[in-house]
Amino acid sequence: MKLIVTGGAGFIGSCVIRTLIRTTEISICNVDKLTYAASPEALAEVSGSPRYRFEQLDICDGPGLAALFEREQPDAVMHLAAESHVDRSIDDPAAFIMTNLVGTYALLAASTAYWRGLPDARRASFRFHHVSTDEVYGSLGDVGAFTETTPYAPNSPYSASKAGSDHLARAWFHTYGLPVLVSNCSNNYGPFQFPEKLIPLMILNGIAGRPLPVYGRGLNVRDWLHVEDHARALWQVLTRGRPGESYNIGGNAERRNIDVVHAICDLLDDLVPDPQGSRRRLITHVSDRPGHDLRYAIDASRIRRDLGWSPQETFETGLRATVEWYLANEAWWRPILDRRYAGQRLGLAGAT
Ligand code: NAD
């Protein structure tokens with residue numbers, strides 16, 4: 001099988017590529033524009049593989065995509081390329097509209113044109129897998145969980161752009177018959193996550209003894225999944241999912257943000273004791289983000305039942321491994337903090 005992965009230099013895409021090159025025989029072409037969020041270093045272990053190829057391309061580039069499909073002759077597309085950080089979408093939504101909506105449209109159009117020209121058997125087995133988020137469903141109250149039939153109610157420019165892209169993918173299935181799969185996953189964490197997201201931000205600030213900024217009182221609840229469990233779920237959806245269906249993916253690990261930050265402080269205190277005392281002293285409450293959803297929770301029973309997937313990490317084992325990974329991989333994150341990040345958001349953000 002030849003798979004095109006978009007956004008494969010990002011946090012989740014690079015994990016998918018590392019996992020699939022390691023555990024399957026497939027060939028992968030990684031299509032990525034290499035934005036600020038990309039990390040080619042996360043692909044070092046596959047870069048020498050004859051089954052891996054990289055193509056620097058913007059998914060908004062229709063002619064570029066058409067030429068790529070012609071050259072690569074893929075059997076499937078897994079689409080992860082996106083602008084992904086909610087705070088950035090509030091400050092500057094334009095890139096989110098462009099990549100998440102226009103880019104997804106361009107990719108669907110190029111895939112459909114290519115797919116139509118395939119011989120019957122290859123046309124029947126072709127798959128377009130659109131990777132999305134649980135944030136499209138909006139905010140939950142104290143009870144219940146998102147199912148695949150929960151109405152969409154996005155509240156941020158990020159989640160609205162992802163919701164729109166989900167609708168485009170769905171429409172391409174119903175209107176043109178493209179064999180589309182959609183998956184909506186809860187918050188991921190793990191190695192190589194860009195240090196603007198909650199967990200790596202708190203780990204790196206905690207290591208440096210800097211303030212740990214928490215929105216409001218930190219009572220917002222997120223459902224956490226280790227990125228390697230997400231990668232395994234995506235492979236199940238791609239290879240065993242039913243075209244036209246969507247699949248919710250989640251780890252059944254709801255935690256309040258403040259509890260996540262406390263857990264990180266305690267793990268750091270355990271692994272690298274701080275002479276000044278517990279890192280919980282660094283927690284600083286900052287004004288809440290506008291439109292901040294209170295609670296997300298995923299009901300993942302469909303993927304568990306129909307595709308036999310279940311997560312292998314608990315939040316406790318996965319978080320400890322992640323803190324240990326950041327402690328052992330300063331060579332990866334230090335240049336990002338120095339070169340690309342220049343402290344713009346450090347100490348300000350801290351949300352998911
Ligand atoms: P990320 O920001 O780490 O990586 C995104 C990648 O897409 C980067 O490598 C970037 O260079 C690339 N990219 C951006 N714009 C592009 C364009 N126009 N053309 C080509 N490439 C482009 O994101 P992530 O956290 O790995 O998320 C991947 C996907 O999974 C996204 O679609 C996101 O919405 C979805 N998702 C993320 C989470 C999460 O917790 N991180 C949870 C559920 C779903």
# chains A, B, ... in the order shown; residues from 1 in each chain; ligands from 1
$ residues_around --residues "segment 2-7 of chain A" --least-positions-apart "6" --cutoff "7 Å" --atoms "only C-alpha atoms" --output "list of chain:residue names"
A:Gly13, A:Ile26, A:Ser27, A:Ile28, A:Cys29, A:Asn30, A:Val31, A:Asp32, A:Pro74, A:Asp75, A:Ala76, A:Val77, A:Met78, A:His79, A:Leu80, A:Ala81, A:Ala82
$ residues_near_ligand --ligand "ligand 1" --cutoff "6 Å" --atoms "only C-alpha atoms and all ligand atoms" --output "ChimeraX atom specification"
/A:7-13,32-35,37-38,57-60,80-84,99,131-133,185-188
$ closest_residue --among "A:Arg295, A:His230, A:Arg320, A:His129" --to "Arg242 of chain A" --atoms "only C-alpha atoms"
A:His129
$ closest_residue --among "A:Pro151, A:Gly64, A:Pro243, A:Pro273" --to "Ser125 of chain A" --atoms "only C-alpha atoms"
A:Pro243
$ select_by_dssp --residues "segment 239-321 of chain A" --states "helix (DSSP H, G or I)" --output "PyMOL selection string"
chain A and resi 239-240+257-271+279-282+301-307+315-321
$ write_last_selection --atoms "C-alpha atoms" --output "PDB file, in the first residue's frame"
ATOM      1  CA  THR A 239      -7.884  -0.014   7.081  1.00  0.00           C
ATOM      2  CA  ARG A 240     -11.097  -1.286   8.712  1.00  0.00           C
ATOM      3  CA  ASN A 257      -6.517  21.266  33.639  1.00  0.00           C
ATOM      4  CA  ILE A 258      -5.447  22.139  37.182  1.00  0.00           C
ATOM      5  CA  ASP A 259      -5.143  18.430  38.034  1.00  0.00           C
ATOM      6  CA  VAL A 260      -2.985  17.865  34.935  1.00  0.00           C
ATOM      7  CA  VAL A 261      -0.702  20.712  36.020  1.00  0.00           C
ATOM      8  CA  HIS A 262      -0.525  19.356  39.588  1.00  0.00           C
ATOM      9  CA  ALA A 263       0.384  15.902  38.234  1.00  0.00           C
ATOM     10  CA  ILE A 264       3.175  17.389  36.091  1.00  0.00           C
ATOM     11  CA  CYS A 265       4.534  19.352  39.072  1.00  0.00           C
ATOM     12  CA  ASP A 266       4.546  16.214  41.214  1.00  0.00           C
ATOM     13  CA  LEU A 267       6.250  14.102  38.535  1.00  0.00           C
ATOM     14  CA  LEU A 268       8.937  16.744  38.013  1.00  0.00           C
ATOM     15  CA  ASP A 269       9.435  17.059  41.780  1.00  0.00           C
ATOM     16  CA  ASP A 270       9.881  13.287  41.922  1.00  0.00           C
ATOM     17  CA  LEU A 271      12.275  13.062  38.941  1.00  0.00           C
ATOM     18  CA  ARG A 279       6.715  23.296  41.680  1.00  0.00           C
ATOM     19  CA  ARG A 280       3.049  23.802  42.488  1.00  0.00           C
ATOM     20  CA  ARG A 281       4.238  27.170  43.874  1.00  0.00           C
ATOM     21  CA  LEU A 282       4.827  28.264  40.228  1.00  0.00           C
ATOM     22  CA  SER A 301     -17.653   2.843  22.078  1.00  0.00           C
ATOM     23  CA  ARG A 302     -18.076   2.684  18.287  1.00  0.00           C
ATOM     24  CA  ILE A 303     -14.351   2.316  17.515  1.00  0.00           C
ATOM     25  CA  ARG A 304     -13.913  -0.055  20.461  1.00  0.00           C
ATOM     26  CA  ARG A 305     -16.832  -2.237  19.354  1.00  0.00           C
ATOM     27  CA  ASP A 306     -16.585  -2.096  15.544  1.00  0.00           C
ATOM     28  CA  LEU A 307     -12.819  -1.872  15.035  1.00  0.00           C
ATOM     29  CA  PHE A 315      -3.029   8.788  31.592  1.00  0.00           C
ATOM     30  CA  GLU A 316      -0.738   8.163  34.583  1.00  0.00           C
ATOM     31  CA  THR A 317       1.718   5.877  32.723  1.00  0.00           C
ATOM     32  CA  GLY A 318       1.608   8.028  29.579  1.00  0.00           C
ATOM     33  CA  LEU A 319       2.168  11.296  31.447  1.00  0.00           C
ATOM     34  CA  ARG A 320       5.139   9.916  33.383  1.00  0.00           C
ATOM     35  CA  ALA A 321       6.698   8.622  30.148  1.00  0.00           C
TER      36      ALA A 321
END
$ atom_distance --atom1 "atom CA of Arg116 of chain A" --atom2 "atom CA of Glu72 of chain A"
15.5 Å
$ select_by_dssp --residues "segment 91-252 of chain A" --states "strand (DSSP E or B)" --output "ChimeraX atom specification"
/A:127-133,146,180-185,187-189,212-215,221-226,246-249
$ residues_around --residues "Gly251 of chain A" --least-positions-apart "6" --cutoff "7 Å" --atoms "only C-alpha atoms" --output "short mmCIF file (atom, residue, chain, number, x, y, z; two decimals) with N, CA and C atoms, in the first residue's frame"
data_model
loop_
_atom_site.label_atom_id
_atom_site.label_comp_id
_atom_site.auth_asym_id
_atom_site.auth_seq_id
_atom_site.Cartn_x
_atom_site.Cartn_y
_atom_site.Cartn_z
N ASP A 223 -10.28 15.40 27.79
CA ASP A 223 -10.18 13.95 27.78
C ASP A 223 -8.87 13.63 27.05
N TRP A 224 -7.91 12.98 27.73
CA TRP A 224 -6.55 12.87 27.19
C TRP A 224 -6.27 11.49 26.60
N LEU A 225 -5.52 11.51 25.49
CA LEU A 225 -5.12 10.25 24.85
C LEU A 225 -3.66 10.34 24.44
N PRO A 311 -7.13 1.90 23.99
CA PRO A 311 -5.84 2.50 24.30
C PRO A 311 -4.98 1.57 25.15
#
$ residues_around --residues "segment 111-114 of chain A" --least-positions-apart "2" --cutoff "12 Å" --atoms "only C-alpha atoms" --output "ChimeraX atom specification"
/A:4,59,62-63,65-79,104-109,116-119,122-123,126-130,169,172-173,175-180
$ closest_residue --among "A:Ile336, A:Ala233, A:Ala44, A:Ile97" --to "Arg18 of chain A" --atoms "only C-alpha atoms"
A:Ala44
$ residues_around --residues "Phe96 of chain A" --least-positions-apart "5" --cutoff "9 Å" --atoms "only C-alpha atoms" --output "PyMOL selection string"
chain A and resi 82-84+88-89+101+157-158+161-162
$ closest_residue --among "A:Asp293, A:Glu324, A:Glu254, A:Asp229" --to "Val16 of chain A" --atoms "only C-alpha atoms"
A:Asp229
$ atom_distance --atom1 "atom CA of Ser165 of chain A" --atom2 "atom CA of Arg51 of chain A"
29.3 Å
$ closest_residue --among "A:His85, A:Ser156, A:Leu181, A:Ala42" --to "Ser246 of chain A" --atoms "only C-alpha atoms"
A:Leu181
$ decode --residues "segment 141-185 of chain A" --atoms "N, CA and C atoms" --output "JSON list (two decimals), in the first residue's frame"
[["chain", "number", "residue", "atom", "x", "y", "z"],
["A", 141, "GLY", "N", -21.70, 19.98, 29.46],
["A", 141, "GLY", "CA", -21.92, 20.29, 30.87],
["A", 141, "GLY", "C", -21.24, 19.23, 31.72],
["A", 142, "ASP", "N", -21.74, 19.02, 32.93],
["A", 142, "ASP", "CA", -21.06, 18.10, 33.85],
["A", 142, "ASP", "C", -21.20, 16.64, 33.48],
["A", 143, "VAL", "N", -22.26, 16.31, 32.73],
["A", 143, "VAL", "CA", -22.48, 14.88, 32.44],
["A", 143, "VAL", "C", -22.50, 14.63, 30.94],
["A", 144, "GLY", "N", -22.41, 13.33, 30.57],
["A", 144, "GLY", "CA", -22.53, 12.95, 29.17],
["A", 144, "GLY", "C", -21.19, 12.99, 28.45],
["A", 145, "ALA", "N", -21.20, 12.49, 27.20],
["A", 145, "ALA", "CA", -19.98, 12.46, 26.40],
["A", 145, "ALA", "C", -20.38, 12.60, 24.94],
["A", 146, "PHE", "N", -19.44, 13.09, 24.11],
["A", 146, "PHE", "CA", -19.71, 13.25, 22.68],
["A", 146, "PHE", "C", -19.81, 11.87, 22.02],
["A", 147, "THR", "N", -20.88, 11.66, 21.25],
["A", 147, "THR", "CA", -20.94, 10.48, 20.39],
["A", 147, "THR", "C", -20.86, 10.96, 18.94],
["A", 148, "GLU", "N", -20.85, 10.02, 17.99],
["A", 148, "GLU", "CA", -20.73, 10.39, 16.59],
["A", 148, "GLU", "C", -21.97, 11.14, 16.10],
["A", 149, "THR", "N", -23.07, 11.10, 16.87],
["A", 149, "THR", "CA", -24.27, 11.81, 16.44],
["A", 149, "THR", "C", -24.51, 13.12, 17.20],
["A", 150, "THR", "N", -23.58, 13.48, 18.08],
["A", 150, "THR", "CA", -23.71, 14.77, 18.78],
["A", 150, "THR", "C", -23.67, 15.91, 17.74],
["A", 151, "PRO", "N", -24.61, 16.86, 17.81],
["A", 151, "PRO", "CA", -24.59, 17.97, 16.84],
["A", 151, "PRO", "C", -23.32, 18.80, 16.97],
["A", 152, "TYR", "N", -22.84, 19.29, 15.83],
["A", 152, "TYR", "CA", -21.65, 20.15, 15.85],
["A", 152, "TYR", "C", -22.01, 21.52, 16.43],
["A", 153, "ALA", "N", -21.13, 22.05, 17.29],
["A", 153, "ALA", "CA", -21.35, 23.38, 17.87],
["A", 153, "ALA", "C", -20.00, 24.02, 18.21],
["A", 154, "PRO", "N", -19.16, 24.25, 17.18],
["A", 154, "PRO", "CA", -17.79, 24.76, 17.47],
["A", 154, "PRO", "C", -17.82, 26.18, 18.00],
["A", 155, "ASN", "N", -16.88, 26.49, 18.91],
["A", 155, "ASN", "CA", -16.88, 27.81, 19.55],
["A", 155, "ASN", "C", -15.64, 28.66, 19.29],
["A", 156, "SER", "N", -14.58, 28.08, 18.72],
["A", 156, "SER", "CA", -13.37, 28.87, 18.44],
["A", 156, "SER", "C", -13.14, 28.87, 16.93],
["A", 157, "PRO", "N", -12.36, 29.85, 16.43],
["A", 157, "PRO", "CA", -12.04, 29.81, 15.00],
["A", 157, "PRO", "C", -11.39, 28.48, 14.60],
["A", 158, "TYR", "N", -10.54, 27.91, 15.48],
["A", 158, "TYR", "CA", -9.94, 26.60, 15.18],
["A", 158, "TYR", "C", -11.01, 25.54, 15.01],
["A", 159, "SER", "N", -11.87, 25.40, 16.03],
["A", 159, "SER", "CA", -12.85, 24.29, 15.95],
["A", 159, "SER", "C", -13.86, 24.53, 14.84],
["A", 160, "ALA", "N", -14.17, 25.82, 14.55],
["A", 160, "ALA", "CA", -15.10, 26.09, 13.45],
["A", 160, "ALA", "C", -14.48, 25.69, 12.12],
["A", 161, "SER", "N", -13.17, 25.97, 11.97],
["A", 161, "SER", "CA", -12.52, 25.61, 10.70],
["A", 161, "SER", "C", -12.43, 24.08, 10.57],
["A", 162, "LYS", "N", -12.20, 23.38, 11.68],
["A", 162, "LYS", "CA", -12.16, 21.92, 11.61],
["A", 162, "LYS", "C", -13.57, 21.36, 11.35],
["A", 163, "ALA", "N", -14.58, 21.96, 11.97],
["A", 163, "ALA", "CA", -15.95, 21.50, 11.74],
["A", 163, "ALA", "C", -16.31, 21.65, 10.26],
["A", 164, "GLY", "N", -15.93, 22.81, 9.69],
["A", 164, "GLY", "CA", -16.20, 23.03, 8.26],
["A", 164, "GLY", "C", -15.50, 21.99, 7.41],
["A", 165, "SER", "N", -14.27, 21.65, 7.77],
["A", 165, "SER", "CA", -13.54, 20.66, 6.97],
["A", 165, "SER", "C", -14.16, 19.28, 7.10],
["A", 166, "ASP", "N", -14.69, 18.96, 8.30],
["A", 166, "ASP", "CA", -15.40, 17.67, 8.46],
["A", 166, "ASP", "C", -16.61, 17.63, 7.54],
["A", 167, "HIS", "N", -17.33, 18.77, 7.47],
["A", 167, "HIS", "CA", -18.52, 18.80, 6.61],
["A", 167, "HIS", "C", -18.15, 18.66, 5.14],
["A", 168, "LEU", "N", -17.03, 19.28, 4.74],
["A", 168, "LEU", "CA", -16.59, 19.12, 3.35],
["A", 168, "LEU", "C", -16.31, 17.64, 3.06],
["A", 169, "ALA", "N", -15.58, 16.99, 3.98],
["A", 169, "ALA", "CA", -15.24, 15.57, 3.78],
["A", 169, "ALA", "C", -16.52, 14.74, 3.65],
["A", 170, "ARG", "N", -17.46, 15.01, 4.54],
["A", 170, "ARG", "CA", -18.74, 14.27, 4.50],
["A", 170, "ARG", "C", -19.46, 14.51, 3.17],
["A", 171, "ALA", "N", -19.46, 15.77, 2.73],
["A", 171, "ALA", "CA", -20.16, 16.11, 1.48],
["A", 171, "ALA", "C", -19.50, 15.41, 0.28],
["A", 172, "TRP", "N", -18.17, 15.27, 0.31],
["A", 172, "TRP", "CA", -17.49, 14.62, -0.82],
["A", 172, "TRP", "C", -17.86, 13.13, -0.88],
["A", 173, "PHE", "N", -18.19, 12.54, 0.26],
["A", 173, "PHE", "CA", -18.68, 11.15, 0.26],
["A", 173, "PHE", "C", -20.08, 11.10, -0.34],
["A", 174, "HIS", "N", -20.96, 11.97, 0.16],
["A", 174, "HIS", "CA", -22.36, 11.88, -0.27],
["A", 174, "HIS", "C", -22.56, 12.39, -1.70],
["A", 175, "THR", "N", -21.80, 13.44, -2.09],
["A", 175, "THR", "CA", -22.02, 14.02, -3.41],
["A", 175, "THR", "C", -21.25, 13.28, -4.51],
["A", 176, "TYR", "N", -19.98, 12.97, -4.24],
["A", 176, "TYR", "CA", -19.14, 12.40, -5.30],
["A", 176, "TYR", "C", -18.83, 10.92, -5.08],
["A", 177, "GLY", "N", -19.18, 10.39, -3.91],
["A", 177, "GLY", "CA", -18.93, 8.97, -3.66],
["A", 177, "GLY", "C", -17.50, 8.67, -3.24],
["A", 178, "LEU", "N", -16.67, 9.72, -3.02],
["A", 178, "LEU", "CA", -15.29, 9.46, -2.57],
["A", 178, "LEU", "C", -15.35, 8.67, -1.25],
["A", 179, "PRO", "N", -14.59, 7.56, -1.14],
["A", 179, "PRO", "CA", -14.67, 6.75, 0.09],
["A", 179, "PRO", "C", -13.99, 7.45, 1.28],
["A", 180, "VAL", "N", -14.76, 8.27, 1.95],
["A", 180, "VAL", "CA", -14.24, 9.13, 3.02],
["A", 180, "VAL", "C", -14.47, 8.52, 4.39],
["A", 181, "LEU", "N", -13.47, 8.61, 5.26],
["A", 181, "LEU", "CA", -13.62, 8.27, 6.68],
["A", 181, "LEU", "C", -13.27, 9.51, 7.47],
["A", 182, "VAL", "N", -13.99, 9.74, 8.57],
["A", 182, "VAL", "CA", -13.66, 10.88, 9.44],
["A", 182, "VAL", "C", -13.43, 10.34, 10.84],
["A", 183, "SER", "N", -12.41, 10.85, 11.52],
["A", 183, "SER", "CA", -12.26, 10.50, 12.95],
["A", 183, "SER", "C", -12.11, 11.79, 13.76],
["A", 184, "ASN", "N", -12.69, 11.77, 14.95],
["A", 184, "ASN", "CA", -12.66, 12.94, 15.86],
["A", 184, "ASN", "C", -12.06, 12.49, 17.17],
["A", 185, "CYS", "N", -10.89, 13.05, 17.47],
["A", 185, "CYS", "CA", -10.15, 12.57, 18.64],
["A", 185, "CYS", "C", -10.07, 13.63, 19.74]]
